[in-house]
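For reference, upload_17.txt (compact mmCIF, N, CA and C atoms):
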```txt
# COMPACT_ATOMS: atom_id res chain seq x y z
N MET M 1 0.85 -1.17 0.00
CA MET M 1 0.00 0.00 0.00
C MET M 1 0.90 1.23 0.00
N SER M 2 0.62 2.16 -0.91
CA SER M 2 1.46 3.35 -0.99
C SER M 2 1.14 4.31 0.14
N ILE M 3 2.04 5.20 0.41
CA ILE M 3 1.87 6.19 1.46
C ILE M 3 0.67 7.09 1.16
N VAL M 4 0.41 7.36 -0.13
CA VAL M 4 -0.73 8.20 -0.49
C VAL M 4 -2.02 7.49 -0.14
N ASN M 5 -2.09 6.18 -0.40
CA ASN M 5 -3.29 5.44 -0.03
C ASN M 5 -3.49 5.43 1.48
N ILE M 6 -2.40 5.31 2.22
CA ILE M 6 -2.50 5.34 3.67
C ILE M 6 -3.01 6.69 4.13
N PHE M 7 -2.50 7.78 3.53
CA PHE M 7 -2.99 9.11 3.89
C PHE M 7 -4.46 9.26 3.53
N ALA M 8 -4.89 8.69 2.41
CA ALA M 8 -6.30 8.77 2.01
C ALA M 8 -7.18 8.08 3.05
N ILE M 9 -6.74 6.93 3.53
CA ILE M 9 -7.49 6.21 4.54
C ILE M 9 -7.56 7.02 5.83
N VAL M 10 -6.43 7.59 6.22
CA VAL M 10 -6.40 8.42 7.43
C VAL M 10 -7.33 9.61 7.26
N ALA M 11 -7.33 10.23 6.08
CA ALA M 11 -8.21 11.38 5.83
C ALA M 11 -9.67 10.98 5.94
N LEU M 12 -10.03 9.83 5.37
CA LEU M 12 -11.41 9.37 5.46
C LEU M 12 -11.80 9.12 6.91
N LEU M 13 -10.91 8.51 7.67
CA LEU M 13 -11.19 8.27 9.08
C LEU M 13 -11.33 9.59 9.84
N ALA M 14 -10.48 10.55 9.51
CA ALA M 14 -10.54 11.85 10.18
C ALA M 14 -11.86 12.55 9.89
N VAL M 15 -12.31 12.50 8.63
CA VAL M 15 -13.59 13.12 8.27
C VAL M 15 -14.72 12.43 9.02
N GLY M 16 -14.67 11.09 9.05
CA GLY M 16 -15.70 10.35 9.77
C GLY M 16 -15.71 10.70 11.24
N CYS M 17 -14.54 10.79 11.84
CA CYS M 17 -14.45 11.15 13.26
C CYS M 17 -14.93 12.58 13.48
N ALA M 18 -14.57 13.48 12.59
CA ALA M 18 -15.00 14.86 12.73
C ALA M 18 -16.51 14.98 12.61
N ALA M 19 -17.08 14.16 11.71
CA ALA M 19 -18.53 14.22 11.51
C ALA M 19 -19.28 13.70 12.72
N LEU M 20 -18.73 12.71 13.38
CA LEU M 20 -19.44 12.06 14.46
C LEU M 20 -19.03 12.54 15.84
N SER M 21 -18.01 13.40 15.89
CA SER M 21 -17.57 13.91 17.19
C SER M 21 -18.60 14.91 17.71
N LYS M 22 -18.48 15.21 18.97
CA LYS M 22 -19.41 16.16 19.57
C LYS M 22 -18.61 17.34 20.11
N PRO M 23 -18.28 18.28 19.23
CA PRO M 23 -17.49 19.41 19.69
C PRO M 23 -18.26 20.23 20.72
N SER M 24 -17.53 20.78 21.63
CA SER M 24 -18.14 21.55 22.70
C SER M 24 -18.62 22.89 22.18
N ASN M 25 -19.85 23.21 22.51
CA ASN M 25 -20.35 24.54 22.18
C ASN M 25 -20.58 25.32 23.47
N GLY M 26 -19.97 24.82 24.55
CA GLY M 26 -20.10 25.48 25.84
C GLY M 26 -21.30 25.00 26.63
N LYS M 27 -22.23 24.28 25.99
CA LYS M 27 -23.43 23.79 26.66
C LYS M 27 -23.46 22.26 26.70
N GLY M 28 -22.38 21.63 26.19
CA GLY M 28 -22.35 20.18 26.17
C GLY M 28 -23.22 19.57 25.10
N GLU M 29 -23.70 20.42 24.18
CA GLU M 29 -24.56 19.93 23.11
C GLU M 29 -23.75 19.67 21.86
N SER M 30 -24.16 18.69 21.08
CA SER M 30 -23.49 18.39 19.82
C SER M 30 -23.79 19.47 18.81
N THR M 31 -22.78 19.85 18.05
CA THR M 31 -22.99 20.79 16.96
C THR M 31 -23.08 20.07 15.63
N VAL M 32 -23.18 18.72 15.68
CA VAL M 32 -23.30 17.92 14.47
C VAL M 32 -24.76 17.59 14.27
N SER M 33 -25.28 17.90 13.09
CA SER M 33 -26.68 17.62 12.77
C SER M 33 -26.76 16.30 12.01
N ASN M 34 -27.67 15.44 12.42
CA ASN M 34 -27.86 14.15 11.76
C ASN M 34 -29.22 14.08 11.10
N SER M 35 -29.28 13.35 10.00
CA SER M 35 -30.56 12.97 9.39
C SER M 35 -30.40 11.53 8.95
N SER M 36 -31.43 10.97 8.42
CA SER M 36 -31.34 9.58 7.99
C SER M 36 -30.49 9.43 6.73
N ASP M 37 -30.22 10.52 6.03
CA ASP M 37 -29.49 10.44 4.77
C ASP M 37 -28.04 10.90 4.85
N PHE M 38 -27.72 11.81 5.75
CA PHE M 38 -26.38 12.38 5.79
C PHE M 38 -26.09 12.92 7.18
N VAL M 39 -24.83 13.21 7.39
CA VAL M 39 -24.43 13.96 8.57
C VAL M 39 -23.84 15.27 8.07
N VAL M 40 -24.01 16.29 8.85
CA VAL M 40 -23.42 17.58 8.52
C VAL M 40 -22.09 17.66 9.26
N LEU M 41 -21.02 17.80 8.49
CA LEU M 41 -19.69 17.88 9.09
C LEU M 41 -19.51 19.21 9.79
N ASN M 42 -18.49 19.30 10.61
CA ASN M 42 -18.24 20.53 11.35
C ASN M 42 -18.00 21.73 10.44
N ASN M 43 -17.56 21.47 9.20
CA ASN M 43 -17.35 22.58 8.26
C ASN M 43 -18.59 22.91 7.45
N GLY M 44 -19.72 22.24 7.75
CA GLY M 44 -20.98 22.53 7.07
C GLY M 44 -21.28 21.64 5.88
N MET M 45 -20.30 20.86 5.43
CA MET M 45 -20.53 19.97 4.28
C MET M 45 -21.47 18.85 4.67
N LYS M 46 -22.37 18.50 3.76
CA LYS M 46 -23.25 17.35 3.97
C LYS M 46 -22.54 16.10 3.45
N PHE M 47 -22.37 15.11 4.33
CA PHE M 47 -21.68 13.88 3.99
C PHE M 47 -22.69 12.74 4.01
N PRO M 48 -23.09 12.25 2.83
CA PRO M 48 -24.06 11.14 2.79
C PRO M 48 -23.53 9.91 3.52
N ILE M 49 -24.38 9.29 4.31
CA ILE M 49 -23.97 8.17 5.14
C ILE M 49 -23.66 6.93 4.31
N VAL M 50 -24.48 6.65 3.31
CA VAL M 50 -24.28 5.46 2.49
C VAL M 50 -23.38 5.80 1.31
N SER M 51 -22.38 4.96 1.07
CA SER M 51 -21.42 5.21 0.01
C SER M 51 -21.36 4.03 -0.96
N PHE M 52 -21.12 4.34 -2.22
CA PHE M 52 -20.92 3.33 -3.26
C PHE M 52 -19.47 3.41 -3.70
N GLY M 53 -18.73 2.33 -3.49
CA GLY M 53 -17.33 2.28 -3.90
C GLY M 53 -17.18 1.47 -5.17
N LEU M 54 -16.55 2.06 -6.17
CA LEU M 54 -16.33 1.35 -7.42
C LEU M 54 -15.27 0.29 -7.24
N GLN M 55 -15.52 -0.88 -7.77
CA GLN M 55 -14.59 -2.00 -7.70
C GLN M 55 -13.84 -2.09 -9.03
N VAL M 56 -13.02 -3.11 -9.17
CA VAL M 56 -12.25 -3.29 -10.39
C VAL M 56 -13.12 -3.98 -11.43
N TYR M 57 -13.65 -3.18 -12.34
CA TYR M 57 -14.37 -3.67 -13.51
C TYR M 57 -14.24 -2.62 -14.60
N ASP M 58 -14.66 -2.96 -15.81
CA ASP M 58 -14.43 -2.07 -16.96
C ASP M 58 -15.29 -0.81 -16.88
N ASP M 59 -15.00 0.14 -17.77
CA ASP M 59 -15.69 1.43 -17.77
C ASP M 59 -17.19 1.28 -18.02
N ASP M 60 -17.59 0.40 -18.92
CA ASP M 60 -19.02 0.22 -19.19
C ASP M 60 -19.76 -0.27 -17.96
N THR M 61 -19.17 -1.21 -17.24
CA THR M 61 -19.78 -1.72 -16.01
C THR M 61 -19.80 -0.63 -14.94
N ALA M 62 -18.74 0.14 -14.84
CA ALA M 62 -18.69 1.24 -13.87
C ALA M 62 -19.81 2.24 -14.15
N LYS M 63 -20.01 2.56 -15.41
CA LYS M 63 -21.07 3.50 -15.78
C LYS M 63 -22.44 2.94 -15.41
N GLU M 64 -22.68 1.70 -15.77
CA GLU M 64 -23.97 1.06 -15.51
C GLU M 64 -24.25 0.99 -14.01
N ARG M 65 -23.28 0.54 -13.24
CA ARG M 65 -23.49 0.37 -11.80
C ARG M 65 -23.59 1.70 -11.08
N THR M 66 -22.87 2.70 -11.55
CA THR M 66 -22.97 4.02 -10.94
C THR M 66 -24.35 4.63 -11.19
N LEU M 67 -24.85 4.51 -12.42
CA LEU M 67 -26.19 5.01 -12.72
C LEU M 67 -27.25 4.28 -11.90
N THR M 68 -27.08 2.98 -11.72
CA THR M 68 -28.02 2.21 -10.90
C THR M 68 -27.98 2.69 -9.45
N ALA M 69 -26.78 2.95 -8.94
CA ALA M 69 -26.64 3.45 -7.57
C ALA M 69 -27.30 4.82 -7.42
N ILE M 70 -27.12 5.69 -8.39
CA ILE M 70 -27.75 7.02 -8.35
C ILE M 70 -29.26 6.87 -8.36
N GLN M 71 -29.79 6.00 -9.22
CA GLN M 71 -31.24 5.77 -9.27
C GLN M 71 -31.76 5.22 -7.95
N ALA M 72 -30.92 4.46 -7.24
CA ALA M 72 -31.31 3.90 -5.95
C ALA M 72 -31.21 4.91 -4.81
N GLY M 73 -30.71 6.10 -5.10
CA GLY M 73 -30.63 7.16 -4.11
C GLY M 73 -29.26 7.38 -3.48
N ILE M 74 -28.26 6.63 -3.93
CA ILE M 74 -26.90 6.82 -3.40
C ILE M 74 -26.38 8.17 -3.89
N ARG M 75 -25.75 8.92 -2.97
CA ARG M 75 -25.21 10.23 -3.32
C ARG M 75 -23.73 10.37 -2.95
N ASN M 76 -23.13 9.33 -2.36
CA ASN M 76 -21.74 9.36 -1.94
C ASN M 76 -21.00 8.27 -2.71
N PHE M 77 -19.95 8.66 -3.41
CA PHE M 77 -19.21 7.72 -4.26
C PHE M 77 -17.72 7.80 -3.97
N PHE M 78 -17.08 6.64 -3.99
CA PHE M 78 -15.63 6.58 -3.86
C PHE M 78 -15.08 5.89 -5.10
N SER M 79 -14.30 6.62 -5.86
CA SER M 79 -13.69 6.08 -7.07
C SER M 79 -12.19 5.97 -6.86
N SER M 80 -11.70 4.75 -6.92
CA SER M 80 -10.27 4.52 -6.74
C SER M 80 -9.56 4.49 -8.08
N VAL M 81 -8.47 5.21 -8.15
CA VAL M 81 -7.66 5.22 -9.36
C VAL M 81 -7.15 3.81 -9.67
N LEU M 82 -7.00 2.99 -8.64
CA LEU M 82 -6.51 1.63 -8.84
C LEU M 82 -7.54 0.75 -9.55
N ALA M 83 -8.82 1.12 -9.48
CA ALA M 83 -9.86 0.36 -10.20
C ALA M 83 -9.75 0.59 -11.71
N GLY M 84 -9.25 1.75 -12.10
CA GLY M 84 -9.02 2.03 -13.52
C GLY M 84 -10.28 2.27 -14.33
N ASN M 85 -11.37 2.65 -13.70
CA ASN M 85 -12.61 2.86 -14.44
C ASN M 85 -13.20 4.25 -14.21
N GLN M 86 -12.33 5.22 -14.03
CA GLN M 86 -12.79 6.58 -13.79
C GLN M 86 -13.57 7.15 -14.96
N GLN M 87 -13.21 6.77 -16.18
CA GLN M 87 -13.92 7.30 -17.34
C GLN M 87 -15.39 6.88 -17.31
N GLY M 88 -15.65 5.60 -17.07
CA GLY M 88 -17.03 5.12 -17.00
C GLY M 88 -17.80 5.76 -15.86
N PHE M 89 -17.13 5.93 -14.73
CA PHE M 89 -17.75 6.59 -13.59
C PHE M 89 -18.12 8.02 -13.95
N GLY M 90 -17.19 8.75 -14.56
CA GLY M 90 -17.45 10.13 -14.96
C GLY M 90 -18.57 10.24 -15.98
N GLU M 91 -18.63 9.29 -16.90
CA GLU M 91 -19.72 9.28 -17.88
C GLU M 91 -21.08 9.11 -17.20
N ALA M 92 -21.12 8.28 -16.17
CA ALA M 92 -22.37 8.09 -15.43
C ALA M 92 -22.78 9.37 -14.71
N ILE M 93 -21.81 10.05 -14.12
CA ILE M 93 -22.12 11.31 -13.43
C ILE M 93 -22.67 12.33 -14.43
N ALA M 94 -22.06 12.40 -15.61
CA ALA M 94 -22.52 13.33 -16.65
C ALA M 94 -23.90 12.96 -17.17
N ALA M 95 -24.20 11.67 -17.27
CA ALA M 95 -25.48 11.21 -17.81
C ALA M 95 -26.61 11.24 -16.78
N SER M 96 -26.26 11.39 -15.53
CA SER M 96 -27.25 11.34 -14.46
C SER M 96 -28.12 12.59 -14.45
N PRO M 97 -29.40 12.44 -14.12
CA PRO M 97 -30.26 13.61 -13.97
C PRO M 97 -30.00 14.35 -12.65
N VAL M 98 -29.22 13.73 -11.75
CA VAL M 98 -28.91 14.36 -10.46
C VAL M 98 -27.76 15.34 -10.66
N PRO M 99 -27.93 16.58 -10.23
CA PRO M 99 -26.85 17.57 -10.40
C PRO M 99 -25.58 17.15 -9.67
N ARG M 100 -24.44 17.48 -10.23
CA ARG M 100 -23.14 17.16 -9.61
C ARG M 100 -23.08 17.70 -8.20
N SER M 101 -23.64 18.87 -7.98
CA SER M 101 -23.59 19.50 -6.66
C SER M 101 -24.33 18.71 -5.59
N ASP M 102 -25.21 17.80 -5.98
CA ASP M 102 -25.94 16.96 -5.02
C ASP M 102 -25.20 15.67 -4.70
N LEU M 103 -24.05 15.46 -5.32
CA LEU M 103 -23.27 14.25 -5.12
C LEU M 103 -22.01 14.56 -4.31
N PHE M 104 -21.58 13.62 -3.50
CA PHE M 104 -20.33 13.74 -2.75
C PHE M 104 -19.38 12.71 -3.33
N ILE M 105 -18.35 13.16 -4.01
CA ILE M 105 -17.45 12.26 -4.73
C ILE M 105 -16.05 12.31 -4.12
N CYS M 106 -15.60 11.12 -3.70
CA CYS M 106 -14.27 10.96 -3.14
C CYS M 106 -13.40 10.26 -4.18
N GLY M 107 -12.18 10.63 -4.28
CA GLY M 107 -11.27 10.00 -5.22
C GLY M 107 -9.97 9.63 -4.54
N SER M 108 -9.12 9.03 -5.31
CA SER M 108 -7.80 8.67 -4.81
C SER M 108 -6.77 9.00 -5.87
N VAL M 109 -5.55 9.02 -5.48
CA VAL M 109 -4.47 9.22 -6.44
C VAL M 109 -3.45 8.11 -6.25
N ASN M 110 -2.74 7.85 -7.31
CA ASN M 110 -1.67 6.86 -7.28
C ASN M 110 -0.39 7.57 -7.69
N THR M 111 0.57 7.58 -6.83
CA THR M 111 1.83 8.26 -7.14
C THR M 111 2.85 7.25 -7.66
N GLY M 112 2.43 6.48 -8.64
CA GLY M 112 3.33 5.49 -9.21
C GLY M 112 3.52 4.34 -8.27
N ASP M 113 4.73 4.10 -7.87
CA ASP M 113 5.01 3.00 -6.95
C ASP M 113 4.95 3.44 -5.49
N GLY M 114 4.43 4.65 -5.26
CA GLY M 114 4.30 5.14 -3.89
C GLY M 114 5.58 5.71 -3.31
N GLN M 115 6.60 5.75 -4.10
CA GLN M 115 7.88 6.27 -3.61
C GLN M 115 8.04 7.72 -4.05
N CYS M 116 8.36 8.56 -3.13
CA CYS M 116 8.71 9.93 -3.47
C CYS M 116 9.80 10.37 -2.52
N SER M 117 10.55 11.34 -2.96
CA SER M 117 11.70 11.77 -2.17
C SER M 117 11.48 13.19 -1.67
N GLY M 118 10.95 13.30 -0.49
CA GLY M 118 10.76 14.61 0.11
C GLY M 118 9.39 15.19 -0.16
N PHE M 119 9.10 16.23 0.59
CA PHE M 119 7.78 16.85 0.55
C PHE M 119 7.43 17.36 -0.84
N GLN M 120 8.31 18.13 -1.47
CA GLN M 120 8.00 18.72 -2.77
C GLN M 120 7.73 17.66 -3.84
N ASP M 121 8.53 16.59 -3.84
CA ASP M 121 8.32 15.51 -4.81
C ASP M 121 6.98 14.83 -4.57
N CYS M 122 6.66 14.55 -3.30
CA CYS M 122 5.38 13.92 -2.97
C CYS M 122 4.22 14.84 -3.35
N LEU M 123 4.36 16.12 -3.05
CA LEU M 123 3.32 17.09 -3.40
C LEU M 123 3.13 17.13 -4.91
N SER M 124 4.21 17.16 -5.66
CA SER M 124 4.14 17.19 -7.12
C SER M 124 3.45 15.95 -7.67
N GLN M 125 3.85 14.77 -7.18
CA GLN M 125 3.24 13.52 -7.65
C GLN M 125 1.75 13.46 -7.28
N THR M 126 1.41 13.92 -6.09
CA THR M 126 0.01 13.91 -5.66
C THR M 126 -0.82 14.88 -6.49
N SER M 127 -0.28 16.07 -6.73
CA SER M 127 -0.98 17.06 -7.57
C SER M 127 -1.21 16.52 -8.97
N GLN M 128 -0.19 15.88 -9.54
CA GLN M 128 -0.33 15.29 -10.87
C GLN M 128 -1.37 14.17 -10.85
N GLY M 129 -1.36 13.37 -9.79
CA GLY M 129 -2.35 12.30 -9.66
C GLY M 129 -3.77 12.83 -9.59
N CYS M 130 -3.96 13.93 -8.86
CA CYS M 130 -5.29 14.56 -8.79
C CYS M 130 -5.73 15.06 -10.16
N ASP M 131 -4.83 15.74 -10.85
CA ASP M 131 -5.15 16.25 -12.19
C ASP M 131 -5.50 15.12 -13.14
N ASP M 132 -4.72 14.03 -13.10
CA ASP M 132 -4.98 12.89 -13.98
C ASP M 132 -6.33 12.25 -13.67
N ASN M 133 -6.65 12.13 -12.40
CA ASN M 133 -7.92 11.54 -11.98
C ASN M 133 -9.10 12.39 -12.43
N LEU M 134 -9.02 13.68 -12.21
CA LEU M 134 -10.10 14.58 -12.63
C LEU M 134 -10.28 14.56 -14.15
N GLN M 135 -9.16 14.52 -14.86
CA GLN M 135 -9.24 14.46 -16.32
C GLN M 135 -9.89 13.16 -16.78
N ALA M 136 -9.52 12.04 -16.16
CA ALA M 136 -10.09 10.75 -16.54
C ALA M 136 -11.59 10.71 -16.26
N MET M 137 -12.02 11.34 -15.17
CA MET M 137 -13.44 11.37 -14.82
C MET M 137 -14.21 12.47 -15.55
N ASN M 138 -13.47 13.42 -16.10
CA ASN M 138 -14.05 14.58 -16.74
C ASN M 138 -14.95 15.35 -15.74
N LEU M 139 -14.41 15.53 -14.56
CA LEU M 139 -15.12 16.27 -13.50
C LEU M 139 -14.32 17.51 -13.14
N PRO M 140 -15.02 18.57 -12.72
CA PRO M 140 -14.32 19.79 -12.37
C PRO M 140 -13.68 19.75 -10.97
N TYR M 141 -14.19 18.91 -10.07
CA TYR M 141 -13.65 18.87 -8.71
C TYR M 141 -14.09 17.58 -8.03
N LEU M 142 -13.39 17.26 -6.95
CA LEU M 142 -13.78 16.17 -6.05
C LEU M 142 -14.13 16.81 -4.71
N ASP M 143 -14.99 16.16 -3.97
CA ASP M 143 -15.34 16.67 -2.65
C ASP M 143 -14.31 16.26 -1.61
N MET M 144 -13.67 15.12 -1.86
CA MET M 144 -12.61 14.67 -0.96
C MET M 144 -11.69 13.75 -1.74
```
What's the structure tokens form of this structure?
Amino acid sequence: MSIVNIFAIVALLAVGCAALSKPSNGKGESTVSNSSDFVVLNNGMKFPIVSFGLQVYDDDTAKERTLTAIQAGIRNFFSSVLAGNQQGFGEAIAASPVPRSDLFICGSVNTGDGQCSGFQDCLSQTSQGCDDNLQAMNLPYLDM
């Protein structure tokens, strides 16, 4: 597992912990709002509770299964660069009647073999990985 994947997992755990934590507002009350569909993170972002993670299958299957998930009401998606089907996933998002702004899309990057030498090199490889992922999905941004 590359260091970038480990950081992605840590980031997901941190977001989950932040969403479910009960920060003090001076009255001992939670400032996290819950509904049956999502939690509101401390920064105000709505994080859908149920997530659809793309597995390793071809682009056509990714498109079909993503559209099915959207029709079923799923609004949180995790697309791994290692699955190699970002194009099909992006096509499904474009073809969906649900606006992009109503979806929470998480992605990952692969920095080659996971080896980088120093902060600047790692930052450069990660930035390139993000750009490549967005281009493959044909999306303007990721939520995480």
Tell me, counting only C-alpha atoms, for each residue of stretch 61-110 of chain M within 8 Å of stretch 42-49 of chain M, which pair of atoms is nearest and how far apart they are in Å to one decimal, in rows ordered by chain and increasing number, as CSV.
```
residue,atom,partner,partner_atom,distance
M:Arg75,CA,M:Pro48,CA,6.3
M:Asn76,CA,M:Pro48,CA,5.6
M:Phe104,CA,M:Phe47,CA,6.9
```
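The interatomic distance for the pair atom C of M:Glu64 and atom C of M:Ala94 works out to 12.4 Å.
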Task: Polymer residues at most 7 Å from M:Ser79, only N, CA and C atoms, same-chain spacing of 3 or more positions, as a ChimeraX atom specification - done: /M:52-54,82-83,86,105-108
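We find atom CA of M:Ala69 and atom CA of M:Gly129 to be spaced 25.9 Å apart.
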Open item on the list: Please compute the atom N of M:Ser51-atom CA of M:Ala136 distance, one decimal, in Å.
Closed with: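 Result for atom N of M:Ser51 versus atom CA of M:Ala136: 22.2 Å, one decimal.
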Open item on the list: From the options M:Leu123, M:Gln115, M:Asn110, M:Lys63, which residue's atoms come nearest to M:Val81, counting only N, CA and C atoms?
Closed with: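 Checking each candidate against M:Val81, we get M:Asn110 as the closest.
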